[in-house]
>>> print(open('work05.pdb').read())   # PDB, C-alpha atoms, pLDDT in the B column
ATOM      1  CA  MET A   1       0.000   0.000   0.000  1.00 62.00           C
ATOM      2  CA  PHE A   2       2.732   2.453   0.957  1.00 66.00           C
ATOM      3  CA  GLY A   3       5.781   1.135  -0.857  1.00 70.00           C
ATOM      4  CA  LYS A   4       9.122  -0.008   0.536  1.00 68.00           C
ATOM      5  CA  LYS A   5      10.729   3.444   0.413  1.00 63.00           C
ATOM      6  CA  LEU A   6       8.338   4.875   2.986  1.00 59.00           C
ATOM      7  CA  VAL A   7       8.839   1.848   5.225  1.00 58.00           C
ATOM      8  CA  TYR A   8      12.631   2.110   4.989  1.00 58.00           C
ATOM      9  CA  LYS A   9      12.455   5.841   5.825  1.00 61.00           C
ATOM     10  CA  ASN A  10      10.389   5.039   8.938  1.00 67.00           C
ATOM     11  CA  LYS A  11       7.440   6.976   7.517  1.00 69.00           C
ATOM     12  CA  VAL A  12       5.236   3.956   8.138  1.00 74.00           C
ATOM     13  CA  THR A  13       4.919   1.869  11.294  1.00 73.00           C
ATOM     14  CA  ILE A  14       3.949  -1.759  10.711  1.00 75.00           C
ATOM     15  CA  ILE A  15       2.325  -3.576  13.620  1.00 80.00           C
ATOM     16  CA  ASN A  16       1.623  -7.250  13.054  1.00 81.00           C
ATOM     17  CA  ASN A  17      -1.729  -8.793  13.889  1.00 82.00           C
ATOM     18  CA  GLY A  18      -0.479 -10.576  16.987  1.00 81.00           C
ATOM     19  CA  ILE A  19      -1.830 -13.809  18.441  1.00 88.00           C
ATOM     20  CA  ASP A  20      -1.829 -15.253  21.934  1.00 84.00           C
ATOM     21  CA  ILE A  21       1.084 -17.605  21.342  1.00 91.00           C
ATOM     22  CA  GLU A  22       0.817 -19.309  24.703  1.00 89.00           C
ATOM     23  CA  ARG A  23      -2.767 -20.423  23.965  1.00 93.00           C
ATOM     24  CA  PHE A  24      -1.823 -21.944  20.600  1.00 93.00           C
ATOM     25  CA  SER A  25       1.479 -23.554  21.595  1.00 93.00           C
ATOM     26  CA  TYR A  26       1.522 -27.309  21.112  1.00 93.00           C
ATOM     27  CA  ASN A  27       0.277 -29.335  24.064  1.00 92.00           C
ATOM     28  CA  GLU A  28       0.587 -33.119  23.941  1.00 93.00           C
ATOM     29  CA  GLY A  29      -1.949 -33.679  26.723  1.00 95.00           C
ATOM     30  CA  THR A  30      -4.615 -31.567  24.989  1.00 96.00           C
ATOM     31  CA  ARG A  31      -3.927 -33.414  21.748  1.00 96.00           C
ATOM     32  CA  HIS A  32      -4.489 -36.852  23.263  1.00 96.00           C
ATOM     33  CA  SER A  33      -7.629 -35.882  25.197  1.00 97.00           C
ATOM     34  CA  LEU A  34      -9.290 -34.163  22.228  1.00 96.00           C
ATOM     35  CA  ARG A  35      -8.420 -36.910  19.771  1.00 97.00           C
ATOM     36  CA  LYS A  36      -9.986 -39.400  22.154  1.00 97.00           C
ATOM     37  CA  GLU A  37     -13.062 -37.214  22.654  1.00 96.00           C
ATOM     38  CA  LEU A  38     -13.590 -36.760  18.899  1.00 95.00           C
ATOM     39  CA  GLY A  39     -12.746 -40.348  17.953  1.00 96.00           C
ATOM     40  CA  LEU A  40      -9.612 -39.401  16.033  1.00 97.00           C
ATOM     41  CA  GLU A  41      -7.143 -41.898  17.455  1.00 96.00           C
ATOM     42  CA  GLY A  42      -5.113 -43.592  14.733  1.00 95.00           C
ATOM     43  CA  LYS A  43      -6.381 -41.153  12.078  1.00 97.00           C
ATOM     44  CA  PHE A  44      -4.653 -38.602   9.845  1.00 97.00           C
ATOM     45  CA  VAL A  45      -6.480 -35.405  10.807  1.00 98.00           C
ATOM     46  CA  LEU A  46      -6.636 -32.347   8.599  1.00 98.00           C
ATOM     47  CA  GLY A  47      -8.194 -29.074   9.647  1.00 98.00           C
ATOM     48  CA  HIS A  48      -9.649 -25.881   8.236  1.00 98.00           C
ATOM     49  CA  VAL A  49     -10.922 -22.777  10.016  1.00 98.00           C
ATOM     50  CA  GLY A  50     -13.058 -20.282   8.133  1.00 98.00           C
ATOM     51  CA  ARG A  51     -16.566 -19.196   7.299  1.00 97.00           C
ATOM     52  CA  PHE A  52     -18.366 -21.034   4.515  1.00 98.00           C
ATOM     53  CA  SER A  53     -18.059 -18.363   1.815  1.00 98.00           C
ATOM     54  CA  ASP A  54     -16.719 -18.222  -1.726  1.00 97.00           C
ATOM     55  CA  GLU A  55     -13.250 -16.901  -0.937  1.00 98.00           C
ATOM     56  CA  LYS A  56     -12.474 -19.773   1.432  1.00 98.00           C
ATOM     57  CA  ASN A  57     -12.787 -22.221  -1.468  1.00 98.00           C
ATOM     58  CA  HIS A  58     -14.334 -25.095   0.497  1.00 98.00           C
ATOM     59  CA  LYS A  59     -15.357 -26.934  -2.677  1.00 98.00           C
ATOM     60  CA  PHE A  60     -11.711 -27.282  -3.699  1.00 98.00           C
ATOM     61  CA  LEU A  61     -10.841 -28.277  -0.141  1.00 98.00           C
ATOM     62  CA  ILE A  62     -13.396 -31.098  -0.196  1.00 98.00           C
ATOM     63  CA  GLU A  63     -12.227 -32.289  -3.612  1.00 98.00           C
ATOM     64  CA  THR A  64      -8.648 -32.343  -2.308  1.00 98.00           C
ATOM     65  CA  PHE A  65      -9.705 -34.212   0.818  1.00 98.00           C
ATOM     66  CA  PHE A  66     -11.566 -36.772  -1.294  1.00 98.00           C
ATOM     67  CA  ARG A  67      -8.288 -37.537  -3.092  1.00 98.00           C
ATOM     68  CA  ILE A  68      -6.505 -37.767   0.260  1.00 98.00           C
ATOM     69  CA  THR A  69      -8.958 -40.435   1.439  1.00 98.00           C
ATOM     70  CA  GLN A  70      -8.231 -42.402  -1.732  1.00 97.00           C
ATOM     71  CA  ILE A  71      -4.534 -42.394  -0.846  1.00 97.00           C
ATOM     72  CA  TYR A  72      -4.964 -42.745   2.920  1.00 96.00           C
ATOM     73  CA  PRO A  73      -8.492 -43.916   3.843  1.00 97.00           C
ATOM     74  CA  ARG A  74      -8.033 -43.333   7.586  1.00 97.00           C
ATOM     75  CA  SER A  75      -8.231 -39.573   7.100  1.00 98.00           C
ATOM     76  CA  ILE A  76     -10.533 -37.119   8.847  1.00 98.00           C
ATOM     77  CA  LEU A  77     -11.278 -33.476   8.017  1.00 98.00           C
ATOM     78  CA  LEU A  78     -12.308 -31.062  10.778  1.00 98.00           C
ATOM     79  CA  LEU A  79     -14.233 -28.014   9.581  1.00 98.00           C
ATOM     80  CA  ILE A  80     -14.577 -25.094  11.990  1.00 98.00           C
ATOM     81  CA  GLY A  81     -16.936 -22.273  11.039  1.00 98.00           C
ATOM     82  CA  GLU A  82     -20.396 -21.451   9.773  1.00 98.00           C
ATOM     83  CA  GLY A  83     -21.728 -19.573   6.766  1.00 97.00           C
ATOM     84  CA  SER A  84     -24.266 -19.376   3.971  1.00 97.00           C
ATOM     85  CA  LEU A  85     -22.516 -21.929   1.758  1.00 98.00           C
ATOM     86  CA  LYS A  86     -22.422 -24.655   4.380  1.00 98.00           C
ATOM     87  CA  PRO A  87     -25.432 -26.558   2.910  1.00 98.00           C
ATOM     88  CA  ASN A  88     -23.679 -26.659  -0.482  1.00 98.00           C
ATOM     89  CA  ILE A  89     -20.586 -28.157   1.118  1.00 98.00           C
ATOM     90  CA  GLU A  90     -22.671 -30.670   3.064  1.00 98.00           C
ATOM     91  CA  ASN A  91     -24.232 -31.771  -0.238  1.00 98.00           C
ATOM     92  CA  LYS A  92     -20.794 -32.101  -1.826  1.00 98.00           C
ATOM     93  CA  ILE A  93     -19.612 -34.260   1.068  1.00 98.00           C
ATOM     94  CA  THR A  94     -22.668 -36.497   0.735  1.00 98.00           C
ATOM     95  CA  GLU A  95     -22.150 -36.753  -3.029  1.00 98.00           C
ATOM     96  CA  LEU A  96     -18.554 -37.928  -2.517  1.00 98.00           C
ATOM     97  CA  LYS A  97     -19.592 -40.322   0.293  1.00 98.00           C
ATOM     98  CA  LEU A  98     -17.386 -38.540   2.836  1.00 98.00           C
ATOM     99  CA  THR A  99     -19.916 -38.132   5.631  1.00 98.00           C
ATOM    100  CA  GLU A 100     -17.982 -40.530   7.881  1.00 98.00           C
ATOM    101  CA  ASN A 101     -14.732 -38.667   7.231  1.00 98.00           C
ATOM    102  CA  VAL A 102     -15.764 -35.032   7.743  1.00 98.00           C
ATOM    103  CA  ILE A 103     -16.654 -33.513  11.102  1.00 98.00           C
ATOM    104  CA  PHE A 104     -18.412 -30.132  11.250  1.00 98.00           C
ATOM    105  CA  LEU A 105     -17.474 -28.430  14.504  1.00 98.00           C
ATOM    106  CA  GLY A 106     -19.385 -25.171  13.962  1.00 98.00           C
ATOM    107  CA  LEU A 107     -18.270 -21.973  15.649  1.00 97.00           C
ATOM    108  CA  ARG A 108     -15.783 -22.666  18.438  1.00 96.00           C
ATOM    109  CA  ASP A 109     -14.165 -20.617  21.167  1.00 95.00           C
ATOM    110  CA  ASP A 110     -11.469 -23.277  21.610  1.00 96.00           C
ATOM    111  CA  VAL A 111      -9.877 -23.281  18.141  1.00 97.00           C
ATOM    112  CA  ASN A 112      -6.480 -23.206  19.846  1.00 96.00           C
ATOM    113  CA  GLN A 113      -7.242 -26.548  21.496  1.00 97.00           C
ATOM    114  CA  VAL A 114      -8.814 -28.163  18.433  1.00 98.00           C
ATOM    115  CA  MET A 115      -5.662 -27.349  16.455  1.00 97.00           C
ATOM    116  CA  GLN A 116      -3.730 -29.578  18.841  1.00 96.00           C
ATOM    117  CA  ALA A 117      -5.782 -32.549  17.609  1.00 97.00           C
ATOM    118  CA  MET A 118      -4.946 -31.858  13.947  1.00 97.00           C
ATOM    119  CA  ASP A 119      -1.993 -33.231  11.977  1.00 96.00           C
ATOM    120  CA  SER A 120      -2.066 -30.733   9.098  1.00 97.00           C
ATOM    121  CA  PHE A 121      -3.821 -27.479   8.238  1.00 98.00           C
ATOM    122  CA  VAL A 122      -5.186 -26.677   4.761  1.00 98.00           C
ATOM    123  CA  LEU A 123      -6.099 -23.178   3.545  1.00 98.00           C
ATOM    124  CA  PRO A 124      -6.858 -23.138  -0.214  1.00 98.00           C
ATOM    125  CA  SER A 125      -8.379 -19.640  -0.171  1.00 98.00           C
ATOM    126  CA  LEU A 126      -8.968 -17.668  -3.348  1.00 98.00           C
ATOM    127  CA  PHE A 127      -7.685 -14.653  -1.414  1.00 97.00           C
ATOM    128  CA  GLU A 128      -6.948 -13.577   2.162  1.00 96.00           C
ATOM    129  CA  GLY A 129      -6.236 -10.238   3.811  1.00 92.00           C
ATOM    130  CA  LEU A 130      -3.561 -11.981   5.864  1.00 92.00           C
ATOM    131  CA  GLY A 131      -4.752 -15.438   6.868  1.00 93.00           C
ATOM    132  CA  ILE A 132      -4.241 -15.125  10.625  1.00 95.00           C
ATOM    133  CA  VAL A 133      -5.398 -18.727  11.118  1.00 97.00           C
ATOM    134  CA  ALA A 134      -2.235 -19.821   9.302  1.00 97.00           C
ATOM    135  CA  ILE A 135      -0.157 -17.945  11.893  1.00 96.00           C
ATOM    136  CA  GLU A 136      -2.122 -19.656  14.659  1.00 96.00           C
ATOM    137  CA  ALA A 137      -1.692 -23.053  13.017  1.00 96.00           C
ATOM    138  CA  GLN A 138       2.066 -22.529  12.808  1.00 95.00           C
ATOM    139  CA  ALA A 139       2.143 -21.630  16.506  1.00 94.00           C
ATOM    140  CA  ALA A 140       0.509 -25.028  17.110  1.00 94.00           C
ATOM    141  CA  GLY A 141       3.273 -26.636  15.033  1.00 93.00           C
ATOM    142  CA  LEU A 142       0.998 -27.709  12.176  1.00 95.00           C
ATOM    143  CA  PRO A 143       2.270 -28.205   8.624  1.00 95.00           C
ATOM    144  CA  CYS A 144       0.231 -25.714   6.600  1.00 97.00           C
ATOM    145  CA  TYR A 145      -0.717 -26.122   2.943  1.00 98.00           C
ATOM    146  CA  VAL A 146      -1.921 -22.807   1.586  1.00 98.00           C
ATOM    147  CA  SER A 147      -2.842 -21.344  -1.774  1.00 98.00           C
ATOM    148  CA  LYS A 148      -0.991 -18.494  -3.413  1.00 97.00           C
ATOM    149  CA  GLY A 149      -4.023 -16.362  -2.546  1.00 97.00           C
ATOM    150  CA  VAL A 150      -2.645 -16.291   1.005  1.00 97.00           C
ATOM    151  CA  PRO A 151      -0.151 -13.401   1.458  1.00 96.00           C
ATOM    152  CA  LYS A 152       3.529 -14.259   1.816  1.00 95.00           C
ATOM    153  CA  GLU A 153       3.562 -12.481   5.184  1.00 93.00           C
ATOM    154  CA  VAL A 154       2.240 -15.678   6.783  1.00 95.00           C
ATOM    155  CA  ASP A 155       5.351 -17.577   5.673  1.00 97.00           C
ATOM    156  CA  ILE A 156       7.258 -17.196   8.932  1.00 95.00           C
ATOM    157  CA  THR A 157       8.346 -20.790   9.623  1.00 95.00           C
ATOM    158  CA  ASP A 158       9.325 -23.848   7.610  1.00 93.00           C
ATOM    159  CA  LEU A 159       5.783 -25.180   8.121  1.00 95.00           C
ATOM    160  CA  ILE A 160       4.253 -23.263   5.206  1.00 96.00           C
ATOM    161  CA  THR A 161       3.926 -24.906   1.803  1.00 97.00           C
ATOM    162  CA  TYR A 162       2.437 -22.783  -0.984  1.00 98.00           C
ATOM    163  CA  ILE A 163       0.588 -24.649  -3.735  1.00 98.00           C
ATOM    164  CA  SER A 164      -1.014 -22.996  -6.747  1.00 98.00           C
ATOM    165  CA  LEU A 165      -4.741 -23.398  -7.246  1.00 98.00           C
ATOM    166  CA  ASN A 166      -3.880 -24.112 -10.862  1.00 98.00           C
ATOM    167  CA  LYS A 167      -2.623 -27.453  -9.582  1.00 98.00           C
ATOM    168  CA  SER A 168      -5.194 -30.235  -9.376  1.00 98.00           C
ATOM    169  CA  PRO A 169      -6.770 -31.536  -6.154  1.00 98.00           C
ATOM    170  CA  GLU A 170      -4.778 -34.722  -6.824  1.00 98.00           C
ATOM    171  CA  HIS A 171      -1.540 -32.728  -6.704  1.00 98.00           C
ATOM    172  CA  TRP A 172      -2.563 -31.037  -3.460  1.00 98.00           C
ATOM    173  CA  ALA A 173      -3.467 -34.407  -1.954  1.00 98.00           C
ATOM    174  CA  GLN A 174      -0.136 -35.963  -2.874  1.00 97.00           C
ATOM    175  CA  GLU A 175       1.807 -33.027  -1.411  1.00 96.00           C
ATOM    176  CA  ILE A 176      -0.138 -33.210   1.851  1.00 97.00           C
ATOM    177  CA  VAL A 177       0.019 -36.978   2.338  1.00 95.00           C
ATOM    178  CA  LYS A 178       3.699 -37.406   1.508  1.00 90.00           C
ATOM    179  CA  LYS A 179       4.686 -35.107   4.383  1.00 81.00           C
ATOM    180  CA  LYS A 180       2.091 -36.250   6.902  1.00 81.00           C
ATOM    181  CA  ASP A 181       4.619 -37.644   9.410  1.00 74.00           C
ATOM    182  CA  SER A 182       7.406 -35.099   8.968  1.00 60.00           C
ATOM    183  CA  SER A 183       6.748 -32.429  11.584  1.00 59.00           C
ATOM    184  CA  SER A 184       8.004 -32.003  15.151  1.00 72.00           C
ATOM    185  CA  ARG A 185       5.648 -29.520  16.779  1.00 78.00           C
ATOM    186  CA  SER A 186       7.112 -28.441  20.085  1.00 70.00           C
ATOM    187  CA  LEU A 187       9.307 -25.386  19.395  1.00 77.00           C
ATOM    188  CA  TYR A 188       7.439 -23.343  16.809  1.00 88.00           C
ATOM    189  CA  SER A 189       5.876 -20.922  19.287  1.00 82.00           C
ATOM    190  CA  LYS A 190       9.357 -19.474  19.895  1.00 83.00           C
ATOM    191  CA  THR A 191       9.788 -18.889  16.170  1.00 87.00           C
ATOM    192  CA  ILE A 192       6.416 -17.105  15.967  1.00 90.00           C
ATOM    193  CA  LYS A 193       7.484 -14.824  18.817  1.00 86.00           C
ATOM    194  CA  SER A 194      10.801 -14.045  17.114  1.00 88.00           C
ATOM    195  CA  LYS A 195       8.848 -12.955  14.007  1.00 88.00           C
ATOM    196  CA  ASN A 196       6.944 -10.343  16.079  1.00 86.00           C
ATOM    197  CA  TYR A 197       3.551 -12.023  16.078  1.00 86.00           C
ATOM    198  CA  ASP A 198       3.217 -12.341  19.876  1.00 83.00           C
ATOM    199  CA  ILE A 199       0.231 -10.224  20.941  1.00 83.00           C
ATOM    200  CA  VAL A 200       2.039  -9.220  24.141  1.00 81.00           C
ATOM    201  CA  ASP A 201       4.792  -7.633  22.048  1.00 79.00           C
ATOM    202  CA  THR A 202       2.486  -6.082  19.456  1.00 82.00           C
ATOM    203  CA  VAL A 203       0.378  -4.435  22.179  1.00 84.00           C
ATOM    204  CA  LYS A 204       3.530  -2.910  23.677  1.00 79.00           C
ATOM    205  CA  LYS A 205       4.581  -1.675  20.243  1.00 77.00           C
ATOM    206  CA  LEU A 206       1.181  -0.034  19.743  1.00 80.00           C
ATOM    207  CA  GLU A 207       1.296   1.547  23.196  1.00 83.00           C
ATOM    208  CA  ASN A 208       4.776   2.929  22.516  1.00 79.00           C
ATOM    209  CA  PHE A 209       3.654   4.285  19.139  1.00 75.00           C
ATOM    210  CA  TYR A 210       0.840   6.327  20.726  1.00 77.00           C
ATOM    211  CA  TYR A 211       3.098   7.394  23.568  1.00 74.00           C
ATOM    212  CA  ASP A 212       5.702   8.677  21.093  1.00 73.00           C
ATOM    213  CA  ILE A 213       3.248  10.694  18.990  1.00 67.00           C
ATOM    214  CA  ASN A 214       1.757  12.296  22.075  1.00 64.00           C
TER
END
>>> encode(input="work05.pdb", output="structure tokens")
Amino acid sequence: MFGKKLVYKNKVTIINNGIDIERFSYNEGTRHSLRKELGLEGKFVLGHVGRFSDEKNHKFLIETFFRITQIYPRSILLLIGEGSLKPNIENKITELKLTENVIFLGLRDDVNQVMQAMDSFVLPSLFEGLGIVAIEAQAAGLPCYVSKGVPKEVDITDLITYISLNKSPEHWAQEIVKKKDSSSRSLYSKTIKSKNYDIVDTVKKLENFYYDIN
């Protein structure tokens, strides 16, 4: 919006949209209890957080997940959110005979905990302002597979894999499944903090900004 020159000359102050890192940090105990509660033990669990609207591209997500179940049948998709297009997605899931593999969790105030139960996070959005859920998912140590409609600002760890929406659902599925056991989740919250996405730090930065101009 402003151009790099203004940023370099300190004419613009950039304050990241911080998250509560401590809440999202990986917790083994929460993972085991939630996977047991939701019947996810022994399953490959993918997750998505977002309202059911056009830009979130749920139809492509479901088509990709269908291909994942063909490669690895013991796969589950957790969908968090509500929205006007939810009935369309429910019909798509029924059409592909995925009703036993997809769990609708609705609106949740414990997304941070549900992310602990996931193994991978998928965000095939047509576009995003930032995609803060991808920051949260990285804090939870989740491998994230995102479209090129998600800004590069979310790429703050080695957990992000960008895949073009010009690639087929089959390609997405193969990329996701081949890396399903490759992530160690425990230390990523420190990386998120070092990239200035800790809400404690961003609040201080905002406070200092207003203090300085006054």
>>> atom_distance(input="work05.pdb", atom1="CA of Gly50 in chain A", atom2="CA of His32 in chain A")
24.0 Å
>>> closest_residue(input="work05.pdb", among="A:Asn166, A:Ser53, A:Thr161, A:Asn27", to="Ala117 in chain A", atoms="only C-alpha atoms")
A:Asn27
>>> closest_residue(input="work05.pdb", among="A:Ser125, A:Asn208, A:Asn196, A:Gln174", to="Glu55 in chain A", atoms="all atoms listed in the file")
A:Ser125
>>> residues_near_point(input="work05.pdb", point="(-8.6, -43.6, 9.4)", cutoff="9 Å", atoms="all atoms listed in the file", output="PDB file with C-alpha atoms, in the coordinates of the input")
ATOM      1  CA  LEU A  40      -9.612 -39.401  16.033  1.00 97.00           C
ATOM      2  CA  GLU A  41      -7.143 -41.898  17.455  1.00 96.00           C
ATOM      3  CA  GLY A  42      -5.113 -43.592  14.733  1.00 95.00           C
ATOM      4  CA  LYS A  43      -6.381 -41.153  12.078  1.00 97.00           C
ATOM      5  CA  PHE A  44      -4.653 -38.602   9.845  1.00 97.00           C
ATOM      6  CA  VAL A  45      -6.480 -35.405  10.807  1.00 98.00           C
ATOM      7  CA  THR A  69      -8.958 -40.435   1.439  1.00 98.00           C
ATOM      8  CA  TYR A  72      -4.964 -42.745   2.920  1.00 96.00           C
ATOM      9  CA  PRO A  73      -8.492 -43.916   3.843  1.00 97.00           C
ATOM     10  CA  ARG A  74      -8.033 -43.333   7.586  1.00 97.00           C
ATOM     11  CA  SER A  75      -8.231 -39.573   7.100  1.00 98.00           C
ATOM     12  CA  ILE A  76     -10.533 -37.119   8.847  1.00 98.00           C
ATOM     13  CA  ASN A 101     -14.732 -38.667   7.231  1.00 98.00           C
TER      14      ASN A 101
END
>>> residues_near_point(input="work05.pdb", point="(5.0, -36.5, 5.7)", cutoff="12 Å", atoms="all atoms listed in the file", output="PyMOL selection string")
chain A and resi 44+119-120+142-144+159+173-184
>>> atom_distance(input="work05.pdb", atom1="CA of Val12 in chain A", atom2="CA of Lys148 in chain A")
26.0 Å
>>> atom_distance(input="work05.pdb", atom1="CA of Leu79 in chain A", atom2="CA of Gly29 in chain A")
21.8 Å
>>> residues_around(input="work05.pdb", residues="range 86-96 of chain A", least_positions_apart="4", cutoff="8 Å", atoms="all atoms listed in the file", output="number ranges by chain")
A: 52, 58-59, 62, 66, 82, 102
>>> write_last_selection(input="work05.pdb", atoms="C-alpha atoms", output="mmCIF file, keeping the file's coordinate frame")
data_model
loop_
_atom_site.group_PDB
_atom_site.id
_atom_site.type_symbol
_atom_site.label_atom_id
_atom_site.label_comp_id
_atom_site.auth_asym_id
_atom_site.auth_seq_id
_atom_site.Cartn_x
_atom_site.Cartn_y
_atom_site.Cartn_z
ATOM 1 C CA PHE A 52 -18.366 -21.034 4.515
ATOM 2 C CA HIS A 58 -14.334 -25.095 0.497
ATOM 3 C CA LYS A 59 -15.357 -26.934 -2.677
ATOM 4 C CA ILE A 62 -13.396 -31.098 -0.196
ATOM 5 C CA PHE A 66 -11.566 -36.772 -1.294
ATOM 6 C CA GLU A 82 -20.396 -21.451 9.773
ATOM 7 C CA VAL A 102 -15.764 -35.032 7.743
#
>>> closest_residue(input="work05.pdb", among="A:Gly47, A:Gly141, A:Pro124, A:Gly131", to="Phe104 in chain A", atoms="only C-alpha atoms")
A:Gly47
>>> resolve_selection(input="work05.pdb", expression="the PyMOL selection byres ((chain A and resi 151) around 12)", output="MDAnalysis selection string")
chainID A and resid 123:132 134:135 146:150 152:156 160 162
>>> residues_around(input="work05.pdb", residues="Val203 in chain A", least_positions_apart="6", cutoff="12 Å", atoms="all atoms listed in the file", output="PyMOL selection string")
chain A and resi 15-20+196-197+209-210
>>> axis_aligned_box(input="work05.pdb", around="range 72-77 of chain A", padding_each_side="6 Å", output="JSON")
{"center_x": -8.1, "center_y": -38.7, "center_z": 5.9, "size_x": 18.3, "size_y": 22.4, "size_z": 17.9}
>>> closest_residue(input="work05.pdb", among="A:Ile192, A:Leu98, A:Leu187, A:Leu85", to="Lys56 in chain A", atoms="all atoms listed in the file")
A:Leu85
>>> build_atoms(input="work05.pdb", residues="range 44-51 of chain A", atoms="all heavy atoms", output="mmCIF file, keeping the file's coordinate frame")
data_model
loop_
_atom_site.group_PDB
_atom_site.id
_atom_site.type_symbol
_atom_site.label_atom_id
_atom_site.label_comp_id
_atom_site.auth_asym_id
_atom_site.auth_seq_id
_atom_site.Cartn_x
_atom_site.Cartn_y
_atom_site.Cartn_z
ATOM 1 N N PHE A 44 -5.371 -39.756 10.374
ATOM 2 C CA PHE A 44 -4.653 -38.602 9.845
ATOM 3 C C PHE A 44 -5.662 -37.470 9.776
ATOM 4 O O PHE A 44 -6.623 -37.525 9.013
ATOM 5 C CB PHE A 44 -4.084 -38.916 8.462
ATOM 6 C CG PHE A 44 -3.407 -37.752 7.783
ATOM 7 C CD1 PHE A 44 -2.537 -36.921 8.471
ATOM 8 C CD2 PHE A 44 -3.633 -37.505 6.431
ATOM 9 C CE1 PHE A 44 -1.912 -35.856 7.844
ATOM 10 C CE2 PHE A 44 -3.005 -36.454 5.789
ATOM 11 C CZ PHE A 44 -2.143 -35.625 6.504
ATOM 12 N N VAL A 45 -5.463 -36.435 10.602
ATOM 13 C CA VAL A 45 -6.480 -35.405 10.807
ATOM 14 C C VAL A 45 -6.051 -34.080 10.174
ATOM 15 O O VAL A 45 -5.035 -33.494 10.553
ATOM 16 C CB VAL A 45 -6.754 -35.195 12.312
ATOM 17 C CG1 VAL A 45 -7.849 -34.148 12.507
ATOM 18 C CG2 VAL A 45 -7.147 -36.517 12.970
ATOM 19 N N LEU A 46 -6.853 -33.645 9.216
ATOM 20 C CA LEU A 46 -6.636 -32.347 8.599
ATOM 21 C C LEU A 46 -7.647 -31.355 9.148
ATOM 22 O O LEU A 46 -8.742 -31.742 9.585
ATOM 23 C CB LEU A 46 -6.780 -32.442 7.082
ATOM 24 C CG LEU A 46 -5.762 -33.344 6.394
ATOM 25 C CD1 LEU A 46 -6.367 -34.713 6.162
ATOM 26 C CD2 LEU A 46 -5.285 -32.742 5.091
ATOM 27 N N GLY A 47 -7.290 -30.081 9.114
ATOM 28 C CA GLY A 47 -8.194 -29.074 9.647
ATOM 29 C C GLY A 47 -8.296 -27.849 8.767
ATOM 30 O O GLY A 47 -7.396 -27.540 7.991
ATOM 31 N N HIS A 48 -9.421 -27.156 8.911
ATOM 32 C CA HIS A 48 -9.649 -25.881 8.236
ATOM 33 C C HIS A 48 -10.499 -25.025 9.153
ATOM 34 O O HIS A 48 -11.430 -25.508 9.790
ATOM 35 C CB HIS A 48 -10.367 -26.085 6.901
ATOM 36 C CG HIS A 48 -10.658 -24.814 6.172
ATOM 37 N ND1 HIS A 48 -11.784 -24.050 6.396
ATOM 38 C CD2 HIS A 48 -9.947 -24.147 5.218
ATOM 39 C CE1 HIS A 48 -11.759 -22.988 5.615
ATOM 40 N NE2 HIS A 48 -10.654 -23.020 4.892
ATOM 41 N N VAL A 49 -10.154 -23.739 9.225
ATOM 42 C CA VAL A 49 -10.922 -22.777 10.016
ATOM 43 C C VAL A 49 -11.314 -21.639 9.099
ATOM 44 O O VAL A 49 -10.453 -20.990 8.495
ATOM 45 C CB VAL A 49 -10.099 -22.234 11.202
ATOM 46 C CG1 VAL A 49 -10.924 -21.229 12.000
ATOM 47 C CG2 VAL A 49 -9.606 -23.368 12.096
ATOM 48 N N GLY A 50 -12.609 -21.387 8.976
ATOM 49 C CA GLY A 50 -13.058 -20.282 8.133
ATOM 50 C C GLY A 50 -14.539 -20.374 7.842
ATOM 51 O O GLY A 50 -15.125 -21.464 7.830
ATOM 52 N N ARG A 51 -15.141 -19.216 7.615
ATOM 53 C CA ARG A 51 -16.566 -19.196 7.299
ATOM 54 C C ARG A 51 -16.806 -19.852 5.933
ATOM 55 O O ARG A 51 -15.931 -19.844 5.059
ATOM 56 C CB ARG A 51 -17.097 -17.766 7.307
ATOM 57 C CG ARG A 51 -16.529 -16.877 6.237
ATOM 58 C CD ARG A 51 -16.953 -15.424 6.449
ATOM 59 N NE ARG A 51 -16.369 -14.543 5.444
ATOM 60 C CZ ARG A 51 -15.134 -14.073 5.498
ATOM 61 N NH1 ARG A 51 -14.340 -14.399 6.499
ATOM 62 N NH2 ARG A 51 -14.671 -13.272 4.553
#
